file run.tsv (TSV, C-alpha atoms and all ligand atoms)
chain	number	residue	atom	x	y	z
A	1	MET	CA	24.55	21.44	11.34
A	2	PRO	CA	24.76	21.00	15.15
A	3	PHE	CA	22.96	17.70	15.73
A	4	PRO	CA	23.47	16.30	19.22
A	5	SER	CA	25.98	13.47	19.13
A	6	PRO	CA	24.34	10.21	20.24
A	7	HIS	CA	27.65	8.69	21.19
A	8	PRO	CA	31.14	10.18	21.62
A	9	GLY	CA	32.53	8.30	18.62
A	10	PHE	CA	29.84	9.36	16.12
A	11	GLN	CA	28.52	12.48	14.43
A	12	ILE	CA	25.13	12.94	12.77
A	13	ARG	CA	25.02	15.44	9.90
A	14	PRO	CA	23.05	16.16	6.72
A	15	ALA	CA	24.26	14.13	3.73
A	16	ILE	CA	26.26	15.86	0.98
A	17	PRO	CA	26.70	14.77	-2.68
A	18	ALA	CA	30.05	13.09	-1.91
A	19	ASP	CA	28.25	10.76	0.56
A	20	SER	CA	25.98	9.32	-2.09
A	21	PRO	CA	28.15	6.31	-3.18
A	22	ALA	CA	28.82	5.23	0.42
A	23	CYS	CA	25.12	5.56	1.23
A	24	LEU	CA	23.95	3.27	-1.59
A	25	SER	CA	24.50	0.17	0.53
A	26	LEU	CA	22.46	1.72	3.35
A	27	THR	CA	19.17	1.93	1.46
A	28	PHE	CA	17.06	0.11	-1.11
A	29	ARG	CA	18.33	0.14	-4.68
A	30	ALA	CA	14.97	1.51	-5.83
A	31	LEU	CA	15.63	4.64	-3.74
A	32	ALA	CA	18.94	5.54	-5.45
A	33	SER	CA	17.48	8.56	-7.25
A	34	LEU	CA	15.78	9.82	-4.08
A	35	LEU	CA	19.14	9.46	-2.29
A	36	GLU	CA	20.90	11.46	-4.98
A	37	ALA	CA	18.32	14.28	-4.78
A	38	ALA	CA	18.39	14.31	-0.96
A	39	CYS	CA	22.19	14.70	-0.88
A	40	LEU	CA	22.03	17.95	-2.92
A	41	PRO	CA	22.17	21.35	-1.21
A	42	VAL	CA	18.65	22.03	0.03
A	43	GLN	CA	17.89	24.82	-2.49
A	44	GLU	CA	18.90	22.54	-5.42
A	45	ARG	CA	16.64	19.60	-4.51
A	46	PRO	CA	13.97	19.06	-7.17
A	47	PHE	CA	11.31	18.25	-4.53
A	48	PRO	CA	11.16	18.22	-0.71
A	49	CYS	CA	13.52	15.51	0.51
A	50	ALA	CA	16.39	15.12	2.96
A	51	ALA	CA	19.05	12.69	4.14
A	52	ALA	CA	21.19	12.50	7.26
A	53	VAL	CA	24.12	10.20	7.93
A	54	VAL	CA	25.91	8.88	10.99
A	55	GLU	CA	29.66	9.18	10.56
A	56	GLN	CA	32.16	7.36	12.74
A	57	THR	CA	34.45	10.22	13.74
A	58	ALA	CA	37.67	8.17	14.00
A	59	THR	CA	37.41	6.63	10.52
A	60	GLY	CA	35.05	8.96	8.61
A	61	ARG	CA	33.04	5.83	7.77
A	62	ILE	CA	29.33	6.32	7.19
A	63	VAL	CA	27.49	3.72	9.26
A	64	GLY	CA	23.88	4.91	9.16
A	65	LEU	CA	21.47	6.71	6.85
A	66	ILE	CA	17.97	8.13	7.07
A	67	LEU	CA	16.23	9.13	3.87
A	68	LEU	CA	13.14	11.33	3.66
A	69	GLY	CA	11.01	12.25	0.68
A	70	PRO	CA	7.48	13.11	-0.36
A	71	PRO	CA	4.78	11.05	1.38
A	72	LEU	CA	3.53	8.19	-0.81
A	73	ASN	CA	-0.06	9.24	-0.10
A	74	GLN	CA	0.82	12.65	-1.61
A	75	GLY	CA	-0.13	14.34	1.66
A	76	PRO	CA	1.77	17.23	3.24
A	77	GLY	CA	5.05	16.93	5.13
A	78	LEU	CA	7.71	14.27	4.65
A	79	GLN	CA	7.95	10.50	4.83
A	80	VAL	CA	10.85	8.45	6.13
A	81	HIS	CA	11.50	6.15	3.15
A	82	SER	CA	14.40	4.31	4.72
A	83	LEU	CA	16.45	4.06	7.88
A	84	MET	CA	19.43	1.79	8.17
A	85	VAL	CA	22.37	1.33	10.53
A	86	SER	CA	25.23	-1.04	9.55
A	87	ALA	CA	24.88	-4.31	11.42
A	88	PRO	CA	27.99	-3.98	13.67
A	89	PHE	CA	26.79	-0.57	14.89
A	90	ARG	CA	23.22	-1.46	15.86
A	91	ARG	CA	21.76	-1.17	19.37
A	92	GLN	CA	23.90	1.86	20.22
A	93	GLY	CA	21.13	4.43	19.86
A	94	LEU	CA	22.14	5.49	16.32
A	95	GLY	CA	18.85	4.58	14.62
A	96	ARG	CA	16.88	6.47	17.20
A	97	ALA	CA	19.22	9.47	16.95
A	98	LEU	CA	18.72	9.57	13.16
A	99	LEU	CA	14.95	9.58	13.67
A	100	ASP	CA	15.27	12.41	16.20
A	101	ALA	CA	17.46	14.38	13.78
A	102	THR	CA	14.72	14.48	11.12
A	103	LEU	CA	12.77	17.10	13.04
A	104	THR	CA	15.43	19.74	12.45
A	105	LEU	CA	16.73	18.50	9.09
A	106	PRO	CA	16.05	21.04	6.30
A	107	PRO	CA	13.58	21.43	4.61
A	108	MET	CA	11.55	20.00	7.54
A	109	GLN	CA	9.44	22.79	9.05
A	110	PRO	CA	7.86	22.93	12.53
A	111	GLY	CA	4.43	21.32	12.41
A	112	TRP	CA	5.00	19.39	9.15
A	113	PRO	CA	3.57	15.86	9.38
A	114	LEU	CA	6.25	13.17	9.46
A	115	ARG	CA	5.30	9.57	8.75
A	116	THR	CA	6.74	6.26	7.65
A	117	GLU	CA	5.39	3.08	6.08
A	118	TRP	CA	6.87	-0.39	5.75
A	119	SER	CA	5.88	-3.91	4.88
A	120	ASP	CA	5.34	-6.45	7.62
A	121	ARG	CA	7.46	-8.76	5.43
A	122	LEU	CA	10.53	-6.55	6.00
A	123	PRO	CA	13.19	-8.75	7.71
A	124	ALA	CA	13.97	-6.04	10.30
A	125	ARG	CA	10.29	-5.14	10.88
A	126	ASP	CA	10.44	-5.77	14.63
A	127	ALA	CA	13.66	-3.78	15.10
A	128	PHE	CA	12.23	-0.91	13.03
A	129	ALA	CA	8.94	-0.87	14.94
A	130	ALA	CA	10.81	-0.99	18.26
A	131	THR	CA	13.10	1.87	17.20
A	132	LEU	CA	10.11	4.01	16.17
A	133	THR	CA	8.41	3.30	19.47
A	134	ALA	CA	11.59	4.12	21.40
A	135	ALA	CA	11.75	7.43	19.51
A	136	GLY	CA	8.17	8.29	20.54
A	137	TRP	CA	6.45	7.62	17.19
A	138	THR	CA	2.87	6.30	17.19
A	139	PRO	CA	2.36	2.53	17.58
A	140	PRO	CA	2.56	0.74	14.20
A	141	ARG	CA	-0.84	0.32	12.55
A	142	ALA	CA	-1.73	-1.86	9.57
A	143	VAL	CA	-3.16	0.47	6.91
A	144	LEU	CA	-3.21	-1.76	3.85
A	145	LEU	CA	-3.62	-5.48	3.30
A	146	ARG	CA	-2.61	-7.12	0.05
A	147	ILE	CA	-2.99	-10.80	-0.70
A	148	GLN	CA	-1.92	-12.28	-3.98
A	149	GLY	CA	-1.45	-15.64	-5.59
A	150	PRO	CA	-2.32	-17.88	-8.53
A	151	VAL	CA	-6.02	-18.12	-9.29
A	152	ARG	CA	-5.83	-21.93	-9.18
A	153	HIS	CA	-6.13	-21.65	-5.37
A	154	THR	CA	-9.32	-19.61	-5.47
A	155	PRO	CA	-11.78	-22.54	-5.17
A	156	LEU	CA	-10.37	-23.16	-1.67
A	157	MET	CA	-11.02	-19.55	-0.70
A	158	ILE	CA	-14.39	-19.22	-2.41
A	159	PRO	CA	-15.94	-22.69	-2.23
A	160	ARG	CA	-18.92	-23.41	-4.52
A	161	ARG	CA	-18.24	-20.26	-6.51
A	162	GLU	CA	-19.97	-21.51	-9.68
A	163	ALA	CA	-23.13	-22.27	-7.68
A	164	MET	CA	-22.92	-18.87	-6.00
A	165	LEU	CA	-22.65	-17.11	-9.37
A	166	ALA	CA	-25.49	-19.16	-10.87
A	167	ARG	CA	-27.77	-18.30	-7.94
A	168	ALA	CA	-26.94	-14.59	-8.27
A	169	ALA	CA	-27.67	-14.73	-12.01
A	170	ARG	CA	-31.06	-16.34	-11.32
A	171	ASN	CA	-31.76	-13.42	-8.99
A	172	GLY	CA	-31.09	-10.94	-11.80
A	173	VAL	CA	-27.55	-9.94	-10.74
A	174	THR	CA	-25.20	-9.19	-13.65
A	175	LEU	CA	-21.43	-8.66	-13.62
A	176	THR	CA	-20.17	-6.79	-16.68
A	177	PRO	CA	-16.53	-6.05	-17.60
A	178	TRP	CA	-15.97	-2.32	-17.91
A	179	THR	CA	-14.79	-2.81	-21.46
A	180	GLU	CA	-18.27	-4.13	-22.30
A	181	LEU	CA	-20.45	-1.55	-20.54
A	182	THR	CA	-23.35	-0.26	-22.59
A	183	ALA	CA	-24.13	3.43	-22.95
A	184	GLN	CA	-27.04	2.79	-20.59
A	185	ASP	CA	-24.72	1.21	-17.96
A	186	ARG	CA	-22.44	4.24	-18.14
A	187	ALA	CA	-25.32	6.69	-17.90
A	188	ASP	CA	-26.83	4.80	-14.93
A	189	LEU	CA	-23.44	4.65	-13.21
A	190	ALA	CA	-22.91	8.40	-13.67
A	191	THR	CA	-26.42	9.14	-12.32
A	192	ALA	CA	-25.94	6.79	-9.37
A	193	CYS	CA	-22.53	8.28	-8.48
A	194	ASP	CA	-23.90	11.84	-8.68
A	195	GLY	CA	-26.76	10.83	-6.36
A	196	TRP	CA	-24.47	9.09	-3.86
A	197	ASP	CA	-22.06	12.06	-4.01
A	198	ALA	CA	-24.89	14.44	-3.20
A	199	ALA	CA	-26.01	12.21	-0.33
A	200	GLY	CA	-22.43	11.92	0.97
A	201	ILE	CA	-22.55	8.13	0.59
A	202	LEU	CA	-19.74	7.62	-1.93
A	203	PRO	CA	-16.30	8.25	-0.35
A	204	GLY	CA	-13.76	9.96	-2.60
A	205	TRP	CA	-11.47	6.90	-2.70
A	206	ALA	CA	-14.34	4.71	-3.97
A	207	ASP	CA	-15.26	6.85	-6.98
A	208	PRO	CA	-14.96	4.51	-9.99
A	209	ARG	CA	-15.16	7.19	-12.66
A	210	PRO	CA	-11.41	8.04	-12.93
A	211	ALA	CA	-10.44	4.37	-13.35
A	212	LEU	CA	-13.28	3.85	-15.81
A	213	THR	CA	-12.21	6.70	-18.05
A	214	VAL	CA	-8.41	6.39	-17.74
A	215	ALA	CA	-7.86	2.63	-18.11
A	216	PRO	CA	-10.95	0.47	-18.48
A	217	SER	CA	-10.03	-3.16	-17.87
A	218	PRO	CA	-11.81	-6.38	-18.90
A	219	TYR	CA	-11.32	-7.50	-15.28
A	220	ALA	CA	-12.93	-4.46	-13.70
A	221	LEU	CA	-16.55	-5.37	-13.12
A	222	LEU	CA	-19.77	-3.45	-12.71
A	223	LEU	CA	-22.38	-5.26	-10.67
A	224	ARG	CA	-26.06	-4.59	-11.30
A	225	THR	CA	-28.91	-5.93	-9.22
A	226	GLY	CA	-31.30	-5.30	-12.08
A	227	PRO	CA	-31.67	-3.52	-15.41
A	228	GLU	CA	-33.59	-0.56	-13.97
A	229	ALA	CA	-31.89	2.85	-13.48
A	230	GLY	CA	-31.34	2.24	-9.76
A	231	GLY	CA	-29.77	-1.18	-10.36
A	232	ILE	CA	-26.12	-0.20	-9.98
A	233	GLY	CA	-24.93	-2.28	-7.02
A	234	GLY	CA	-21.14	-1.95	-6.90
A	235	TRP	CA	-17.87	-2.53	-8.71
A	236	ILE	CA	-14.29	-3.62	-8.54
A	237	THR	CA	-11.49	-1.90	-10.44
A	238	CYS	CA	-8.43	-3.60	-11.89
A	239	ILE	CA	-4.89	-2.58	-12.85
A	240	HIS	CA	-2.76	-4.88	-14.97
A	241	HIS	CA	0.92	-4.92	-13.94
A	242	THR	CA	3.25	-6.32	-16.57
A	243	SER	CA	6.36	-6.75	-14.42
A	244	PRO	CA	5.74	-8.80	-12.39
A	245	GLN	CA	2.74	-10.00	-14.37
A	246	ARG	CA	-0.37	-9.72	-12.20
A	247	TRP	CA	-3.85	-8.24	-12.02
A	248	LEU	CA	-4.26	-5.94	-9.06
A	249	PHE	CA	-7.72	-5.18	-7.69
A	250	PRO	CA	-7.21	-2.03	-5.63
A	251	LEU	CA	-10.82	-1.06	-5.10
A	252	GLY	CA	-14.16	-2.69	-4.45
A	253	TRP	CA	-17.32	-0.93	-3.33
A	254	VAL	CA	-20.92	-1.97	-2.84
A	255	ARG	CA	-24.05	0.10	-2.32
A	256	PRO	CA	-24.59	0.55	1.45
A	257	ASP	CA	-27.93	-1.33	1.45
A	258	LEU	CA	-26.18	-4.35	-0.14
A	259	THR	CA	-23.30	-4.76	2.34
A	260	ASN	CA	-22.90	-8.05	4.22
A	261	ARG	CA	-24.75	-9.94	1.49
A	262	GLY	CA	-21.80	-11.57	-0.20
A	263	ILE	CA	-21.66	-9.04	-3.05
A	264	LEU	CA	-17.91	-8.42	-2.84
A	265	MET	CA	-17.28	-12.16	-2.69
A	266	LEU	CA	-19.42	-12.53	-5.79
A	267	THR	CA	-17.25	-10.08	-7.74
A	268	LEU	CA	-14.06	-11.88	-6.61
A	269	ALA	CA	-15.57	-15.25	-7.57
A	270	ASP	CA	-16.47	-13.96	-11.01
A	271	VAL	CA	-13.22	-12.19	-11.76
A	272	THR	CA	-10.99	-15.08	-10.64
A	273	LEU	CA	-12.96	-17.41	-12.90
A	274	ARG	CA	-12.49	-15.00	-15.80
A	275	LEU	CA	-8.74	-14.74	-15.17
A	276	HIS	CA	-8.43	-18.53	-14.94
A	277	ARG	CA	-10.36	-18.97	-18.19
A	278	ASP	CA	-8.40	-16.28	-20.10
A	279	HIS	CA	-4.87	-16.68	-18.67
A	280	GLY	CA	-4.75	-20.11	-17.05
A	281	PRO	CA	-4.38	-21.36	-13.46
A	282	ASP	CA	-1.09	-19.53	-12.84
A	283	ALA	CA	-2.51	-16.04	-13.47
A	284	ILE	CA	-1.78	-13.91	-10.41
A	285	ALA	CA	-4.63	-11.98	-8.79
A	286	ALA	CA	-3.72	-9.42	-6.12
A	287	PHE	CA	-6.44	-8.05	-3.85
A	288	GLU	CA	-5.75	-4.94	-1.88
A	289	THR	CA	-7.74	-3.17	0.80
A	290	SER	CA	-7.11	-0.31	3.19
A	291	TYR	CA	-8.20	0.34	6.77
A	292	ASP	CA	-11.09	2.50	5.55
A	293	THR	CA	-12.73	-0.53	3.89
A	294	PRO	CA	-13.25	-2.78	6.92
A	295	ASP	CA	-15.71	-5.10	5.12
A	296	MET	CA	-13.23	-5.98	2.39
A	297	TRP	CA	-10.42	-6.26	4.96
A	298	SER	CA	-12.30	-8.75	7.10
A	299	LEU	CA	-13.41	-10.70	4.02
A	300	LEU	CA	-9.78	-11.14	2.95
A	301	GLU	CA	-8.69	-11.97	6.52
A	302	ARG	CA	-11.41	-14.60	6.92
A	303	HIS	CA	-11.41	-16.27	3.52
A	304	PHE	CA	-7.99	-15.65	1.94
A	305	VAL	CA	-5.34	-15.17	4.67
A	306	PRO	CA	-5.89	-18.67	6.16
A	307	HIS	CA	-4.64	-20.06	2.81
A	308	SER	CA	-1.52	-17.89	2.67
A	309	HIS	CA	0.75	-20.94	3.18
A	310	LEU	CA	-0.20	-22.28	-0.26
A	311	ASN	CA	2.43	-22.29	-2.96
A	312	GLY	CA	2.74	-18.85	-4.58
A	313	MET	CA	0.51	-16.99	-2.11
A	314	THR	CA	1.81	-13.91	-0.31
A	315	VAL	CA	0.19	-11.72	2.31
A	316	ASP	CA	1.59	-8.28	2.88
A	317	ARG	CA	0.42	-5.71	5.42
A	318	LEU	CA	1.57	-2.14	4.99
A	319	MET	CA	2.37	-0.75	8.44
A	320	SER	CA	2.31	2.93	9.27
A	321	SER	CA	3.57	5.15	12.07
A	322	ARG	CA	3.93	8.89	12.45
A	323	HIS	CA	5.79	11.30	14.61
A	324	PRO	CA	3.34	13.00	16.94
A	325	VAL	CA	4.31	16.50	15.79
A	326	PRO	CA	2.33	19.10	17.75
A	401	LIG	C1	15.91	-0.60	12.43
A	401	LIG	C2	17.36	-0.14	12.70
A	401	LIG	C3	17.63	1.09	11.82
A	401	LIG	C4	17.53	0.24	14.18
A	401	LIG	O1	18.81	0.85	14.34
A	401	LIG	P1	19.62	0.81	15.73
A	401	LIG	O2	20.69	1.82	15.65
A	401	LIG	O3	20.01	-0.58	16.06
A	401	LIG	O4	18.47	1.27	16.75
A	401	LIG	P2	18.76	1.93	18.19
A	401	LIG	O5	20.02	1.39	18.77
A	401	LIG	O6	18.64	3.39	18.08
A	401	LIG	O7	17.52	1.34	19.01
A	401	LIG	C5	16.73	2.17	19.82
A	401	LIG	C6	15.78	1.29	20.60
A	401	LIG	O8	14.90	0.60	19.69
A	401	LIG	C7	14.67	-0.72	20.19
A	401	LIG	N1	15.29	-1.70	19.27
A	401	LIG	C8	16.09	-1.46	18.22
A	401	LIG	N2	16.41	-2.61	17.59
A	401	LIG	C9	15.81	-3.60	18.28
A	401	LIG	C10	15.76	-5.00	18.11
A	401	LIG	N3	16.42	-5.63	17.14
A	401	LIG	N4	15.02	-5.70	18.99
A	401	LIG	C11	14.35	-5.10	19.99
A	401	LIG	N5	14.37	-3.76	20.21
A	401	LIG	C12	15.09	-3.03	19.36
A	401	LIG	C13	15.32	-0.79	21.56
A	401	LIG	O9	14.38	-0.31	22.52
A	401	LIG	C14	16.44	0.20	21.39
A	401	LIG	O10	16.90	0.73	22.59
A	401	LIG	P3	17.94	-0.15	23.51
A	401	LIG	O11	19.01	-0.66	22.61
A	401	LIG	O12	18.41	0.85	24.51
A	401	LIG	O13	17.12	-1.25	24.10
A	401	LIG	C15	18.37	-1.28	12.36
A	401	LIG	O14	17.94	-2.46	13.00
A	401	LIG	C16	18.51	-1.57	10.89
A	401	LIG	O15	19.28	-0.89	10.19
A	401	LIG	N6	17.80	-2.58	10.35
A	401	LIG	C17	17.90	-2.95	8.94
A	401	LIG	C18	17.33	-1.89	8.01
A	401	LIG	C19	15.82	-1.78	8.08
A	401	LIG	O16	15.10	-2.74	7.88
A	401	LIG	N7	15.31	-0.57	8.33
A	401	LIG	C20	13.89	-0.29	8.52
A	401	LIG	C21	13.07	0.00	7.34
A	401	LIG	S1	13.69	1.09	6.15

call {"tool": "encode", "arguments": {"input": "run.tsv", "output": "structure tokens"}}
result
Amino acid sequence: MPFPSPHPGFQIRPAIPADSPACLSLTFRALASLLEAACLPVQERPFPCAAAVVEQTATGRIVGLILLGPPLNQGPGLQVHSLMVSAPFRRQGLGRALLDATLTLPPMQPGWPLRTEWSDRLPARDAFAATLTAAGWTPPRAVLLRIQGPVRHTPLMIPRREAMLARAARNGVTLTPWTELTAQDRADLATACDGWDAAGILPGWADPRPALTVAPSPYALLLRTGPEAGGIGGWITCIHHTSPQRWLFPLGWVRPDLTNRGILMLTLADVTLRLHRDHGPDAIAAFETSYDTPDMWSLLERHFVPHSHLNGMTVDRLMSSRHPVP
């Protein structure tokens, strides 16, 4: 494969199966099976993926690797899952040359989208972002915010939460775990979702019905503003991870006429109290939001992120960049 040589002493070429062991130290351990697949001849790869290496011509030593695979958002094209150059060989243009090589690396096709995502907690985040920028990729953009920590800290983030919940209850607001929904709740939710679908109000990502049917959780909550048919006000969904042990809340949505009235905060107040009561102060709650839910994002930024220095709290922003393929 005739890739332009970035430097007289180096050659960039597609990876072959024999490269796999040497490449293991140039990527994350969790990507070992992707690496193995990407080193196969292109027609034998079980799914679209690719890998290219930088080889030092004098020694045959592999000093850099780029690994591509299916996009995590299941969209078209390929995603750069990892890019690494051995420390002594950095700042010689090799990382950038590997990025440039992806455009002509089989099975990449002209016009296929090419993207990458990384955590802003990655030690080399600044070097990676600078390398992408130098290679003409789009400026890094935060697409997902996740904040997690033990529920014992929640009273600092949601002060007076018991009073807030009591006031909401006096106003007829109910918060019901999805495992305890009545047939009437389910019927009202289905009717409400159909209506919002028809009106184009409910975005696809917010649809609660798949999570409700696949894995109902006692910490997913349905919020009602009243018992009448139109009383469905919003929800949060929950996924329980066993390793590490935590409860992830990937989705929260409120009826458009109820936004900016503290409804999301109410669901977080309620669910963190439930977790504390059932699993103790060390239970880990993880709240996640994407750029298409600006209300939830700004709520987490304003009320949770300022407490990220507390013991056990972590804040993680998923950054994204893409190659501006024509
Ligand atoms: C990110 C990484 C692959 C860059 O590789 P590299 O070969 O050093 O990058 P390049 O030499 O091609 O850099 C190209 C340009 O990017 C910018 N750049 C790269 N690293 C930089 C750094 N540490 N600080 C500032 N700018 C940097 C510069 O503009 C550079 O051009 P210049 O050297 O002429 O100024 C390398 O730092 C690395 O392997 N890091 C650890 C692994 C990692 O975290 N990978 C990213 C996520 S998978």

call {"tool": "residues_near_ligand", "arguments": {"input": "run.tsv", "ligand": "ligand LIG 401 (chain A)", "cutoff": "8 Å", "atoms": "only C-alpha atoms and all ligand atoms", "output": "PyMOL selection string"}}
result
chain A and resi 26-27+64+80-87+89-98+118+122-135

call {"tool": "residues_around", "arguments": {"input": "run.tsv", "residues": "Val42 of chain A", "least_positions_apart": "4", "cutoff": "8 Å", "atoms": "only C-alpha atoms", "output": "PyMOL selection string"}}
result
chain A and resi 38+50+106-107

call {"tool": "write_last_selection", "arguments": {"input": "run.tsv", "atoms": "C-alpha atoms", "output": "PDB file, in the coordinates of the input"}}
result
ATOM      1  CA  ALA A  38      18.390  14.310  -0.960  1.00  0.00           C
ATOM      2  CA  ALA A  50      16.390  15.120   2.960  1.00  0.00           C
ATOM      3  CA  PRO A 106      16.050  21.040   6.300  1.00  0.00           C
ATOM      4  CA  PRO A 107      13.580  21.430   4.610  1.00  0.00           C
TER       5      PRO A 107
END

call {"tool": "residues_around", "arguments": {"input": "run.tsv", "residues": "Gly77 of chain A", "least_positions_apart": "4", "cutoff": "7 Å", "atoms": "all atoms listed in the file", "output": "VMD selection string"}}
result
chain A and resid 71 112 to 114

call {"tool": "write_last_selection", "arguments": {"input": "run.tsv", "atoms": "C-alpha atoms", "output": "PDB file, in the frame of the given file"}}
result
ATOM      1  CA  PRO A  71       4.780  11.050   1.380  1.00  0.00           C
ATOM      2  CA  TRP A 112       5.000  19.390   9.150  1.00  0.00           C
ATOM      3  CA  PRO A 113       3.570  15.860   9.380  1.00  0.00           C
ATOM      4  CA  LEU A 114       6.250  13.170   9.460  1.00  0.00           C
TER       5      LEU A 114
END

call {"tool": "atom_distance", "arguments": {"input": "run.tsv", "atom1": "atom CA of Pro227 of chain A", "atom2": "atom CA of Ala190 of chain A"}}
result
14.9 Å

call {"tool": "residues_around", "arguments": {"input": "run.tsv", "residues": "segment 211-219 of chain A", "least_positions_apart": "6", "cutoff": "9 Å", "atoms": "all atoms listed in the file", "output": "list in words"}}
result
Thr176, Pro177, Trp178, Thr179, Glu180, Ile236, Thr237, Cys238, Ile239, His240, Trp247, Phe249, Val271, Thr272, Arg274 and Leu275 of chain A

call {"tool": "closest_residue", "arguments": {"input": "run.tsv", "among": "A:Leu156, A:Leu202, A:Leu268, A:Ala30", "to": "Ala220 of chain A", "atoms": "only C-alpha atoms"}}
result
A:Leu268

call {"tool": "residues_around", "arguments": {"input": "run.tsv", "residues": "segment 310-312 of chain A", "least_positions_apart": "6", "cutoff": "10 Å", "atoms": "all atoms listed in the file", "output": "list in words"}}
result
Gln148, Gly149, Pro150, Val151, His153, Asp282 and Ile284 of chain A

call {"tool": "atom_distance", "arguments": {"input": "run.tsv", "atom1": "atom CA of Thr242 of chain A", "atom2": "atom CA of His279 of chain A"}}
result
13.3 Å
